[in-house]
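run.pdb, holding PDB, C-alpha atoms:
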ATOM      1  CA  MET A  49      84.961 136.977 104.980
ATOM      2  CA  MET A  50      83.211 135.790 101.834
ATOM      3  CA  ARG A  51      79.865 133.987 102.040
ATOM      4  CA  GLY A  52      80.281 130.258 102.529
ATOM      5  CA  SER A  53      83.896 130.469 103.642
ATOM      6  CA  SER A  54      85.070 128.391 106.594
ATOM      7  CA  TYR A  55      88.650 129.738 106.860
ATOM      8  CA  LYS A  56      89.908 127.565 109.704
ATOM      9  CA  TRP A  57      93.487 128.423 108.719
ATOM     10  CA  ARG A  58      95.214 131.209 106.810
ATOM     11  CA  PRO A  59      98.701 130.790 105.311
ATOM     12  CA  ARG A  60     101.661 132.976 106.180
ATOM     13  CA  ALA A  61     103.083 135.087 103.389
ATOM     14  CA  ASP A  62     106.008 132.682 102.842
ATOM     15  CA  VAL A  63     103.855 129.540 102.506
ATOM     16  CA  THR A  64     103.319 128.356  98.929
ATOM     17  CA  ARG A  65     101.250 125.676  97.246
ATOM     18  CA  HIS A  66     102.853 122.224  97.117
ATOM     19  CA  SER A  67     103.879 122.987  93.526
ATOM     20  CA  GLY A  68     105.743 126.112  94.641
ATOM     21  CA  SER A  69     103.268 128.536  93.092
ATOM     22  CA  THR A  70     101.443 131.255  94.989
ATOM     23  CA  ILE A  71      98.426 130.294  97.103
ATOM     24  CA  GLN A  72      95.244 131.678  95.565
ATOM     25  CA  LEU A  73      93.276 134.169  97.641
ATOM     26  CA  ASN A  74      90.039 132.192  97.268
ATOM     27  CA  MET A  75      91.501 128.916  98.565
ATOM     28  CA  ASP A  76      89.515 127.836 101.610
ATOM     29  CA  PHE A  77      91.543 125.883 104.180
ATOM     30  CA  PHE A  78      88.660 124.331 106.090
ATOM     31  CA  GLU A  79      90.752 122.634 108.776
ATOM     32  CA  SER A  80      93.889 123.756 110.616
ATOM     33  CA  PRO A  81      97.075 121.658 110.521
ATOM     34  CA  PRO A  82      98.022 119.874 113.763
ATOM     35  CA  THR A  83     100.945 121.206 115.759
ATOM     36  CA  SER A  84     102.602 117.777 115.440
ATOM     37  CA  ILE A  85     103.744 118.509 111.858
ATOM     38  CA  GLY A  86     105.606 121.653 112.908
ATOM     39  CA  THR A  87     105.845 124.852 110.898
ATOM     40  CA  VAL A  88     103.839 124.610 107.668
ATOM     41  CA  LEU A  89     105.951 124.925 104.525
ATOM     42  CA  THR A  90     103.430 124.276 101.735
ATOM     43  CA  ALA A  91      99.648 123.900 101.609
ATOM     44  CA  GLU A  92      96.876 123.105  99.134
ATOM     45  CA  SER A  93      93.068 123.147  99.072
ATOM     46  CA  ASN A  94      90.633 122.417  96.252
ATOM     47  CA  LEU A  95      87.771 124.132  98.087
ATOM     48  CA  LYS A  96      87.054 127.712  97.092
ATOM     49  CA  THR A  97      85.491 130.342  99.357
ATOM     50  CA  ASN A  98      82.314 130.588  97.252
ATOM     51  CA  GLN A  99      81.713 126.841  96.874
ATOM     52  CA  ASN A 100      78.793 125.378  98.790
ATOM     53  CA  GLY A 101      77.861 122.420  96.605
ATOM     54  CA  PHE A 102      74.570 121.506  94.966
ATOM     55  CA  PRO A 103      71.504 121.048  97.200
ATOM     56  CA  LYS A 104      70.358 117.426  97.301
ATOM     57  CA  GLU A 105      67.179 118.117  95.329
ATOM     58  CA  HIS A 106      69.200 119.813  92.575
ATOM     59  CA  ARG A 107      71.540 116.814  92.335
ATOM     60  CA  ILE A 108      68.578 114.475  92.031
ATOM     61  CA  GLY A 109      67.096 116.692  89.334
ATOM     62  CA  ILE A 110      70.372 116.728  87.375
ATOM     63  CA  VAL A 111      70.627 112.947  87.611
ATOM     64  CA  GLY A 112      67.032 112.524  86.416
ATOM     65  CA  VAL A 113      67.575 114.772  83.398
ATOM     66  CA  ILE A 114      70.773 112.945  82.406
ATOM     67  CA  VAL A 115      69.205 109.492  82.783
ATOM     68  CA  LEU A 116      66.163 110.480  80.695
ATOM     69  CA  ALA A 117      68.280 112.211  78.041
ATOM     70  CA  CYS A 118      70.567 109.177  77.678
ATOM     71  CA  ILE A 119      67.632 106.790  77.325
ATOM     72  CA  LEU A 120      65.817 108.915  74.755
ATOM     73  CA  LEU A 121      68.975 109.520  72.714
ATOM     74  CA  LEU A 122      69.925 105.846  72.615
ATOM     75  CA  GLN A 123      66.398 104.767  71.719
ATOM     76  CA  ALA A 124      66.425 107.270  68.871
ATOM     77  CA  LEU A 125      69.582 105.496  67.672
ATOM     78  CA  ALA A 126      67.701 102.171  67.740
ATOM     79  CA  VAL A 127      69.600 100.885  70.770
ATOM     80  CA  PRO A 128      67.636  98.175  72.654
ATOM     81  CA  THR A 129      65.606  99.596  75.538
ATOM     82  CA  ALA A 130      67.332  97.462  78.179
ATOM     83  CA  VAL A 131      70.734  98.671  77.042
ATOM     84  CA  ALA A 132      69.536 102.290  76.902
ATOM     85  CA  ILE A 133      68.225 102.079  80.470
ATOM     86  CA  PHE A 134      71.456 100.492  81.692
ATOM     87  CA  VAL A 135      73.591 103.200  80.052
ATOM     88  CA  GLY A 136      71.256 105.924  81.295
ATOM     89  CA  LEU A 137      71.482 104.706  84.881
ATOM     90  CA  GLY A 138      75.270 104.541  84.556
ATOM     91  CA  GLY A 139      75.361 108.129  83.329
ATOM     92  CA  GLY A 140      73.135 109.168  86.200
ATOM     93  CA  ALA A 141      75.421 107.483  88.730
ATOM     94  CA  ILE A 142      78.421 109.316  87.278
ATOM     95  CA  ALA A 143      76.542 112.625  87.454
ATOM     96  CA  PHE A 144      75.491 111.999  91.052
ATOM     97  CA  PHE A 145      79.111 111.253  92.005
ATOM     98  CA  ALA A 146      80.501 114.233  90.050
ATOM     99  CA  THR A 147      78.151 116.738  91.717
ATOM    100  CA  ARG A 148      78.832 115.654  95.294
ATOM    101  CA  PHE A 149      80.375 118.076  97.781
ATOM    102  CA  SER A 150      83.805 116.552  98.380
ATOM    103  CA  HIS A 151      86.978 118.552  98.951
ATOM    104  CA  ARG A 152      90.449 118.134 100.407
ATOM    105  CA  CYS A 153      93.159 120.288 101.919
ATOM    106  CA  SER A 154      96.684 119.214 102.808
ATOM    107  CA  TYR A 155      99.756 120.516 104.579
ATOM    108  CA  VAL A 156     103.471 119.747 104.512
ATOM    109  CA  GLY A 157     105.306 120.790 107.639
ATOM    110  CA  GLU A 158     108.860 120.582 108.913
ATOM    111  CA  LYS A 159     107.974 117.540 111.033
ATOM    112  CA  GLY A 160     105.241 115.777 109.075
ATOM    113  CA  ILE A 161     102.317 115.915 106.679
ATOM    114  CA  VAL A 162      98.524 115.731 106.895
ATOM    115  CA  GLU A 163      95.542 115.693 104.525
ATOM    116  CA  TYR A 164      91.885 116.338 105.397
ATOM    117  CA  SER A 165      88.631 115.686 103.559
ATOM    118  CA  LEU A 166      85.295 117.479 103.838
ATOM    119  CA  VAL A 167      82.378 115.536 102.364
ATOM    120  CA  GLY A 168      78.661 116.238 102.092
ATOM    121  CA  SER A 169      78.453 119.781 103.459
ATOM    122  CA  ARG A 170      80.475 122.606 104.964
ATOM    123  CA  THR A 171      78.735 121.895 108.265
ATOM    124  CA  HIS A 172      80.207 118.386 108.457
ATOM    125  CA  ARG A 173      83.327 117.656 110.458
ATOM    126  CA  PRO A 174      86.526 117.271 108.385
ATOM    127  CA  LYS A 175      88.222 113.877 108.567
ATOM    128  CA  ILE A 176      91.898 112.997 108.378
ATOM    129  CA  VAL A 177      92.657 111.134 105.146
ATOM    130  CA  ARG A 178      96.309 110.547 105.947
ATOM    131  CA  GLU A 179      98.788 111.813 108.511
ATOM    132  CA  LEU A 180     102.496 111.201 109.050
ATOM    133  CA  ARG A 181     104.833 112.339 111.785
ATOM    134  CA  PHE A 182     108.400 112.069 110.487
ATOM    135  CA  ALA A 183     109.552 110.983 113.942
ATOM    136  CA  ASP A 184     107.573 107.754 113.501
ATOM    137  CA  ALA A 185     109.272 106.842 110.193
ATOM    138  CA  ARG A 186     112.689 105.415 109.377
ATOM    139  CA  ASN A 187     112.943 105.374 105.572
ATOM    140  CA  LEU A 188     111.220 106.635 102.443
ATOM    141  CA  PHE A 189     111.181 104.676  99.175
ATOM    142  CA  THR A 190     110.027 106.388  95.969
ATOM    143  CA  THR A 191     109.025 104.764  92.686
ATOM    144  CA  VAL A 192     108.258 106.541  89.418
ATOM    145  CA  THR A 193     107.256 104.511  86.347
ATOM    146  CA  HIS A 194     106.762 105.881  82.836
ATOM    147  CA  THR A 195     104.518 103.491  80.884
ATOM    148  CA  HIS A 196     104.741 103.077  77.120
ATOM    149  CA  TYR A 197     102.682 101.015  74.693
ATOM    150  CA  ASN A 198     104.125 100.380  71.244
ATOM    151  CA  PHE A 199     106.732 103.059  72.024
ATOM    152  CA  ILE A 200     103.987 105.606  72.772
ATOM    153  CA  TYR A 201     103.909 107.238  76.208
ATOM    154  CA  ILE A 202     100.585 106.536  77.949
ATOM    155  CA  GLY A 203     101.179 107.767  81.497
ATOM    156  CA  THR A 204     103.305 108.022  84.616
ATOM    157  CA  SER A 205     102.607 106.325  87.941
ATOM    158  CA  TYR A 206     104.341 107.043  91.232
ATOM    159  CA  SER A 207     104.418 105.657  94.744
ATOM    160  CA  TYR A 208     105.889 107.060  97.966
ATOM    161  CA  ARG A 209     106.327 104.576 100.812
ATOM    162  CA  TRP A 210     107.427 105.520 104.317
ATOM    163  CA  THR A 211     108.443 102.605 106.537
ATOM    164  CA  ARG A 212     108.654 102.109 110.298
ATOM    165  CA  PRO A 213     111.909 101.337 112.131
ATOM    166  CA  ASP A 214     110.996  97.620 111.870
ATOM    167  CA  GLY A 215     110.746  97.878 108.071
ATOM    168  CA  LYS A 216     106.958  97.588 107.862
ATOM    169  CA  ASN A 217     104.950 100.121 105.873
ATOM    170  CA  LEU A 218     103.837 103.201 107.764
ATOM    171  CA  LEU A 219     102.257 105.205 104.928
ATOM    172  CA  VAL A 220     101.952 104.453 101.210
ATOM    173  CA  ILE A 221     100.575 107.032  98.749
ATOM    174  CA  SER A 222     100.276 106.396  95.008
ATOM    175  CA  GLY A 223      99.008 108.341  92.029
ATOM    176  CA  GLY A 224      99.656 109.214  88.411
ATOM    177  CA  HIS A 225      99.772 111.903  85.751
ATOM    178  CA  MET A 226     100.165 112.321  81.994
ATOM    179  CA  ARG A 227     103.245 114.555  81.799
ATOM    180  CA  ARG A 228     106.308 112.634  80.558
ATOM    181  CA  HIS A 229     108.745 115.531  80.227
ATOM    182  CA  ALA A 230     107.084 118.159  82.389
ATOM    183  CA  LYS A 231     105.728 118.536  85.876
ATOM    184  CA  PRO A 232     102.024 117.717  86.308
ATOM    185  CA  LYS A 233      99.398 120.368  86.951
ATOM    186  CA  ASP A 234      99.518 122.216  90.266
ATOM    187  CA  GLU A 235      96.570 120.219  91.635
ATOM    188  CA  ASN A 236      98.180 116.820  91.071
ATOM    189  CA  LEU A 237      98.954 114.713  94.142
ATOM    190  CA  TRP A 238     102.584 114.388  92.996
ATOM    191  CA  HIS A 239     103.327 117.936  94.167
ATOM    192  CA  PHE A 240     102.117 117.098  97.682
ATOM    193  CA  LEU A 241     104.389 114.054  97.755
ATOM    194  CA  ASN A 242     107.358 115.864  96.217
ATOM    195  CA  SER A 243     107.048 118.623  98.814
ATOM    196  CA  ALA A 244     106.744 115.956 101.519
ATOM    197  CA  GLU A 245     109.902 114.241 100.265
ATOM    198  CA  ASN A 246     111.819 117.528 100.323
ATOM    199  CA  SER A 247     110.698 118.210 103.880
ATOM    200  CA  TRP A 248     111.478 114.629 104.928
ATOM    201  CA  SER A 249     114.989 114.915 103.446
ATOM    202  CA  ASN A 250     115.616 118.157 105.341
ATOM    203  CA  TYR A 251     114.338 116.519 108.511
ATOM    204  CA  CYS A 252     116.782 113.618 108.036
ATOM    205  CA  LEU A 253     119.640 116.031 107.332
ATOM    206  CA  GLN A 254     119.531 117.075 110.962
ATOM    207  CA  GLN A 255     120.651 113.567 111.931
ATOM    208  CA  ILE A 256     123.462 113.278 109.398
ATOM    209  CA  ASN A 257     126.128 115.194 111.322
ATOM    210  CA  GLU A 258     125.521 113.004 114.353
ATOM    211  CA  GLN A 259     125.844 109.858 112.229
ATOM    212  CA  LEU A 260     128.983 111.174 110.546
ATOM    213  CA  ASP A 261     130.611 111.989 113.871
ATOM    214  CA  ARG A 262     129.709 108.587 115.297
ATOM    215  CA  GLN A 263     130.371 106.308 112.294
ATOM    216  CA  GLY A 264     132.252 108.391 109.731
ATOM    217  CA  TYR A 265     129.614 107.798 107.055
ATOM    218  CA  VAL A 266     125.888 107.973 106.278
ATOM    219  CA  GLU A 267     124.191 104.638 105.649
ATOM    220  CA  PHE A 268     121.362 103.886 103.217
ATOM    221  CA  THR A 269     119.386 100.643 103.062
ATOM    222  CA  ILE A 270     118.545  98.552  99.989
ATOM    223  CA  PRO A 271     116.121  95.930 101.402
ATOM    224  CA  SER A 272     115.869  93.760  98.287
ATOM    225  CA  GLY A 273     119.245  94.423  96.708
ATOM    226  CA  ASN A 274     122.837  93.349  96.751
ATOM    227  CA  PRO A 275     124.570  95.420  98.068
ATOM    228  CA  ARG A 276     122.336  95.472 101.139
ATOM    229  CA  PHE A 277     123.688  98.801 102.417
ATOM    230  CA  VAL A 278     125.448 101.730 100.768
ATOM    231  CA  ARG A 279     127.524 104.066 102.931
ATOM    232  CA  VAL A 280     128.655 107.512 101.836
ATOM    233  CA  GLY A 281     131.551 109.241 103.595
ATOM    234  CA  PRO A 282     133.987 112.065 102.873
ATOM    235  CA  GLY A 283     135.561 111.076  99.547
ATOM    236  CA  PHE A 284     134.500 107.414  99.634
ATOM    237  CA  MET A 285     131.637 104.953  99.285
ATOM    238  CA  GLU A 286     131.250 101.600 100.972
ATOM    239  CA  PHE A 287     129.078  98.790  99.645
ATOM    240  CA  VAL A 288     127.994  96.114 102.141
ATOM    241  CA  MET A 289     126.948  92.897 100.424
ATOM    242  CA  ARG A 290     124.278  90.492 101.651
ATOM    243  CA  LYS A 291     126.913  88.209 103.163
ATOM    244  CA  GLY A 292     128.116  91.164 105.246
ATOM    245  CA  ASP A 293     131.436  91.832 103.521
ATOM    246  CA  PRO A 294     132.076  95.578 103.010
ATOM    247  CA  HIS A 295     133.817  97.031  99.957
ATOM    248  CA  ARG A 296     135.144 100.534 100.460
ATOM    249  CA  ILE A 297     136.184 102.492  97.357
ATOM    250  CA  ALA A 298     137.642 105.978  97.193
ATOM    251  CA  VAL A 299     135.801 108.182  94.725
ATOM    252  CA  THR A 300     139.116 108.839  92.961
ATOM    253  CA  ASP A 301     139.373 105.086  92.271
ATOM    254  CA  MET A 302     135.967 104.887  90.618
ATOM    255  CA  LYS A 303     134.904 104.809  87.003
ATOM    256  CA  ASN A 304     131.518 104.481  85.276
ATOM    257  CA  ILE A 305     129.627 106.434  87.904
ATOM    258  CA  THR A 306     126.197 106.575  86.284
ATOM    259  CA  LEU A 307     122.505 107.094  86.967
ATOM    260  CA  HIS A 308     120.531 105.984  83.940
ATOM    261  CA  SER A 309     116.912 104.841  83.547
ATOM    262  CA  GLY A 310     116.495 104.615  87.293
ATOM    263  CA  TYR A 311     119.676 102.567  87.913
ATOM    264  CA  PHE A 312     122.783 103.605  89.839
ATOM    265  CA  ARG A 313     126.067 102.018  88.786
ATOM    266  CA  PHE A 314     129.428 102.442  90.536
ATOM    267  CA  SER A 315     132.571 100.637  89.413
ATOM    268  CA  HIS A 316     136.144 100.410  90.616
ATOM    269  CA  ARG A 317     138.608 101.483  87.960
ATOM    270  CA  ASP A 318     140.148  97.968  87.877
ATOM    271  CA  ALA A 319     136.833  96.129  87.594
ATOM    272  CA  GLY A 320     135.631  94.437  84.422
ATOM    273  CA  TRP A 321     132.245  95.282  82.981
ATOM    274  CA  TRP A 322     130.398  92.629  85.020
ATOM    275  CA  GLY A 323     133.172  91.438  87.327
ATOM    276  CA  LYS A 324     134.077  92.095  90.925
ATOM    277  CA  GLY A 325     134.116  95.765  91.839
ATOM    278  CA  ASN A 326     130.829  96.610  90.108
ATOM    279  CA  PHE A 327     127.872  97.718  92.209
ATOM    280  CA  SER A 328     124.408  98.592  90.927
ATOM    281  CA  PHE A 329     120.938  99.157  92.382
ATOM    282  CA  THR A 330     117.744 101.006  91.532
ATOM    283  CA  TYR A 331     116.736 104.506  92.545
ATOM    284  CA  SER A 332     113.444 103.120  93.847
ATOM    285  CA  GLY A 333     115.224 100.387  95.805
ATOM    286  CA  ILE A 334     117.417 102.590  97.991
ATOM    287  CA  SER A 335     116.046 104.331 101.054
ATOM    288  CA  ASN A 336     115.773 108.116 101.077
ATOM    289  CA  ALA A 337     116.974 108.450  97.491
ATOM    290  CA  LYS A 338     116.864 112.236  97.387
ATOM    291  CA  LEU A 339     118.948 112.425 100.562
ATOM    292  CA  PHE A 340     121.333 109.866  99.043
ATOM    293  CA  LEU A 341     121.889 112.176  96.058
ATOM    294  CA  LEU A 342     122.549 115.084  98.395
ATOM    295  CA  CYS A 343     125.106 113.090 100.411
ATOM    296  CA  LEU A 344     126.830 111.937  97.228
ATOM    297  CA  ASP A 345     127.188 115.560  96.211
ATOM    298  CA  GLN A 346     128.203 117.022  99.569
ATOM    299  CA  LEU A 347     130.398 114.202 100.915
ATOM    300  CA  ALA A 348     131.707 112.328  97.895
ATOM    301  CA  GLY A 349     131.641 115.073  95.255
ATOM    302  CA  ILE A 350     129.412 113.004  92.938
ATOM    303  CA  SER A 351     126.545 114.792  91.239
ATOM    304  CA  TRP A 352     124.357 114.651  88.151
ATOM    305  CA  SER A 353     123.087 117.646  86.222
TER     306      SER A 353
END

Go ahead and express the file in the form of structure tokens.
Amino acid sequence: MMRGSSYKWRPRADVTRHSGSTIQLNMDFFESPPTSIGTVLTAESNLKTNQNGFPKEHRIGIVGVIVLACILLLQALAVPTAVAIFVGLGGGAIAFFATRFSHRCSYVGEKGIVEYSLVGSRTHRPKIVRELRFADARNLFTTVTHTHYNFIYIGTSYSYRWTRPDGKNLLVISGGHMRRHAKPKDENLWHFLNSAENSWSNYCLQQINEQLDRQGYVEFTIPSGNPRFVRVGPGFMEFVMRKGDPHRIAVTDMKNITLHSGYFRFSHRDAGWWGKGNFSFTYSGISNAKLFLLCLDQLAGISWS
């Protein structure tokens, strides 16, 4: 074992990083995953085996040097002393924060997810940042927003929201990245959430056959939309409006089946462009969107490349 390593957990050979890439040999998993999340599928840690952090006196020394350097440089540029001191203290605060010992490791299992933090020192006790048992959740809603300013891409934000059976939020995780047409870097939080969504979808798949046998379809909720529910069955879809009236349409009777800019649109072949027989809703508005796509493909024969 390398000096400074805690090694509370070691991955199996088939476990990858959340991004799908190979786990690095010097990744230090400083806390073991709980048995409640089941078999671990992917894992990530930003602590390395040889990292021990800066001693407190070294951090203070670094901060002092940065504060003094900022003040002297700004005074040489004829910046008022008060402003120079303010900027110098701000730079020192940033340096003190940047040199802190603060690391995280996370796991995605077949039955849930968990993330730990280790702050201050290796000797401190890790704390749970977030934990989710899939059995406690009912639905997952995902939102991805690409932001542009004057037609120039400036970033992507995302949010993953698991809800309880009563519809209230159980766990909400948000983040962002700067990759419009490519996946973010391996360390980005998005990979943890994407892996979690894949595992959640597989977990829900186990309940689909039971629902199909009992009801003849799989139902998805759209809390703020109209239709209120979308049901997918063998060769058909059923749209239940807010007033409760269902509209069942065979896939062979559909036209304009599209998913564009985050919007689903399904239309009966006899419907006008905006008339009766048109149904639309957002990807972010429907529960378990990735599972919905899978059911469309497997049950209704609808897929997108």

Where does the PyMOL selection byres ((chain A and resi 237) around 9) land in this file, that is, which residues does it pick, as a list in words?
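With the shown file as input, the PyMOL selection byres ((chain A and resi 237) around 9) matches His66, Ser222, Gly223, Gly224, His225, Pro232, Asp234, Glu235, Asn236, Trp238, His239, Phe240, Leu241 and Asn242 of chain A.
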
Spatial sel., origin (133.1, 105.6, 103.7), limit 10 Å, only C-alpha atoms, listed as an mmCIF file with C-alpha atoms, keeping the file's coordinate frame:
data_model
loop_
_atom_site.group_PDB
_atom_site.id
_atom_site.type_symbol
_atom_site.label_atom_id
_atom_site.label_comp_id
_atom_site.auth_asym_id
_atom_site.auth_seq_id
_atom_site.Cartn_x
_atom_site.Cartn_y
_atom_site.Cartn_z
ATOM 1 C CA LEU A 260 128.983 111.174 110.546
ATOM 2 C CA GLN A 263 130.371 106.308 112.294
ATOM 3 C CA GLY A 264 132.252 108.391 109.731
ATOM 4 C CA TYR A 265 129.614 107.798 107.055
ATOM 5 C CA VAL A 266 125.888 107.973 106.278
ATOM 6 C CA GLU A 267 124.191 104.638 105.649
ATOM 7 C CA VAL A 278 125.448 101.730 100.768
ATOM 8 C CA ARG A 279 127.524 104.066 102.931
ATOM 9 C CA VAL A 280 128.655 107.512 101.836
ATOM 10 C CA GLY A 281 131.551 109.241 103.595
ATOM 11 C CA PRO A 282 133.987 112.065 102.873
ATOM 12 C CA GLY A 283 135.561 111.076 99.547
ATOM 13 C CA PHE A 284 134.500 107.414 99.634
ATOM 14 C CA MET A 285 131.637 104.953 99.285
ATOM 15 C CA GLU A 286 131.250 101.600 100.972
ATOM 16 C CA PHE A 287 129.078 98.790 99.645
ATOM 17 C CA HIS A 295 133.817 97.031 99.957
ATOM 18 C CA ARG A 296 135.144 100.534 100.460
ATOM 19 C CA ILE A 297 136.184 102.492 97.357
ATOM 20 C CA ALA A 298 137.642 105.978 97.193
ATOM 21 C CA VAL A 299 135.801 108.182 94.725
ATOM 22 C CA LEU A 347 130.398 114.202 100.915
ATOM 23 C CA ALA A 348 131.707 112.328 97.895
#

The residue from A:Ser332, A:Thr300, A:Ser150, A:Ser351 with the smallest atom-to-atom distance to Leu188 in chain A, counting all atoms listed in the file, is A:Ser332

Output of the PyMOL selection byres ((chain A and resi 252) around 12), listed as number ranges by chain:
A: 158-160, 182-183, 185-188, 245-251, 253-259, 266-268, 335-340, 342-343

Decode the PyMOL selection byres ((chain A and resi 163) around 9) for the given file into explicit residues and return them as a PyMOL selection string.
chain A and resi 81+152-156+161-162+164-165+175-179

Given the point (108.0, 103.8, 89.9) in the coordinates of this file, which residues lie within 8 Å, counting only C-alpha atoms, and how would they look as a list of chain:residue names?
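Applying the cut-off with only C-alpha atoms, one gets A:Thr190, A:Thr191, A:Val192, A:Thr193, A:His194, A:Ser205, A:Tyr206, A:Ser207, A:Ser332.
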
Atoms kept (all heavy atoms) for range 268-275 of chain A, as a PDB file, in the first residue's frame:
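File produced: part.pdb:
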ATOM      1  N   PHE A 268     -46.345   6.394 -17.882  1.00  0.00           N
ATOM      2  CA  PHE A 268     -45.390   7.442 -17.536  1.00  0.00           C
ATOM      3  C   PHE A 268     -46.164   8.719 -17.199  1.00  0.00           C
ATOM      4  O   PHE A 268     -47.152   9.047 -17.858  1.00  0.00           O
ATOM      5  CB  PHE A 268     -44.426   7.698 -18.691  1.00  0.00           C
ATOM      6  CG  PHE A 268     -43.579   6.497 -19.040  1.00  0.00           C
ATOM      7  CD1 PHE A 268     -44.046   5.548 -19.942  1.00  0.00           C
ATOM      8  CD2 PHE A 268     -42.343   6.310 -18.453  1.00  0.00           C
ATOM      9  CE1 PHE A 268     -43.283   4.431 -20.250  1.00  0.00           C
ATOM     10  CE2 PHE A 268     -41.572   5.195 -18.752  1.00  0.00           C
ATOM     11  CZ  PHE A 268     -42.047   4.255 -19.658  1.00  0.00           C
ATOM     12  N   THR A 269     -45.685   9.430 -16.186  1.00  0.00           N
ATOM     13  CA  THR A 269     -46.374  10.608 -15.678  1.00  0.00           C
ATOM     14  C   THR A 269     -45.797  11.893 -16.254  1.00  0.00           C
ATOM     15  O   THR A 269     -44.584  12.019 -16.424  1.00  0.00           O
ATOM     16  CB  THR A 269     -46.273  10.659 -14.138  1.00  0.00           C
ATOM     17  OG1 THR A 269     -46.772   9.442 -13.593  1.00  0.00           O
ATOM     18  CG2 THR A 269     -47.058  11.818 -13.575  1.00  0.00           C
ATOM     19  N   ILE A 270     -46.674  12.852 -16.538  1.00  0.00           N
ATOM     20  CA  ILE A 270     -46.266  14.201 -16.943  1.00  0.00           C
ATOM     21  C   ILE A 270     -46.972  15.168 -15.990  1.00  0.00           C
ATOM     22  O   ILE A 270     -48.082  15.639 -16.265  1.00  0.00           O
ATOM     23  CB  ILE A 270     -46.652  14.509 -18.404  1.00  0.00           C
ATOM     24  CG1 ILE A 270     -46.158  13.398 -19.329  1.00  0.00           C
ATOM     25  CG2 ILE A 270     -46.073  15.855 -18.853  1.00  0.00           C
ATOM     26  CD1 ILE A 270     -46.580  13.561 -20.774  1.00  0.00           C
ATOM     27  N   PRO A 271     -46.387  15.468 -14.832  1.00  0.00           N
ATOM     28  CA  PRO A 271     -47.069  16.224 -13.780  1.00  0.00           C
ATOM     29  C   PRO A 271     -47.638  17.565 -14.211  1.00  0.00           C
ATOM     30  O   PRO A 271     -48.723  17.948 -13.777  1.00  0.00           O
ATOM     31  CB  PRO A 271     -45.976  16.409 -12.717  1.00  0.00           C
ATOM     32  CG  PRO A 271     -45.026  15.285 -12.956  1.00  0.00           C
ATOM     33  CD  PRO A 271     -45.025  15.079 -14.439  1.00  0.00           C
ATOM     34  N   SER A 272     -46.929  18.292 -15.066  1.00  0.00           N
ATOM     35  CA  SER A 272     -47.370  19.636 -15.436  1.00  0.00           C
ATOM     36  C   SER A 272     -47.851  19.722 -16.879  1.00  0.00           C
ATOM     37  O   SER A 272     -47.960  20.818 -17.441  1.00  0.00           O
ATOM     38  CB  SER A 272     -46.221  20.638 -15.216  1.00  0.00           C
ATOM     39  OG  SER A 272     -45.792  20.628 -13.874  1.00  0.00           O
ATOM     40  N   GLY A 273     -48.129  18.599 -17.492  1.00  0.00           N
ATOM     41  CA  GLY A 273     -48.480  18.621 -18.910  1.00  0.00           C
ATOM     42  C   GLY A 273     -49.903  18.195 -19.198  1.00  0.00           C
ATOM     43  O   GLY A 273     -50.676  17.860 -18.320  1.00  0.00           O
ATOM     44  N   ASN A 274     -50.224  18.256 -20.442  1.00  0.00           N
ATOM     45  CA  ASN A 274     -51.496  17.739 -20.956  1.00  0.00           C
ATOM     46  C   ASN A 274     -51.197  17.140 -22.324  1.00  0.00           C
ATOM     47  O   ASN A 274     -51.009  17.888 -23.276  1.00  0.00           O
ATOM     48  CB  ASN A 274     -52.527  18.854 -21.084  1.00  0.00           C
ATOM     49  CG  ASN A 274     -53.932  18.316 -21.325  1.00  0.00           C
ATOM     50  OD1 ASN A 274     -54.216  17.169 -20.991  1.00  0.00           O
ATOM     51  ND2 ASN A 274     -54.796  19.135 -21.911  1.00  0.00           N
ATOM     52  N   PRO A 275     -51.041  15.839 -22.425  1.00  0.00           N
ATOM     53  CA  PRO A 275     -51.578  14.796 -21.550  1.00  0.00           C
ATOM     54  C   PRO A 275     -50.902  14.715 -20.178  1.00  0.00           C
ATOM     55  O   PRO A 275     -49.776  15.160 -19.997  1.00  0.00           O
ATOM     56  CB  PRO A 275     -51.327  13.515 -22.343  1.00  0.00           C
ATOM     57  CG  PRO A 275     -50.135  13.835 -23.193  1.00  0.00           C
ATOM     58  CD  PRO A 275     -50.305  15.269 -23.577  1.00  0.00           C
TER      59      PRO A 275
END
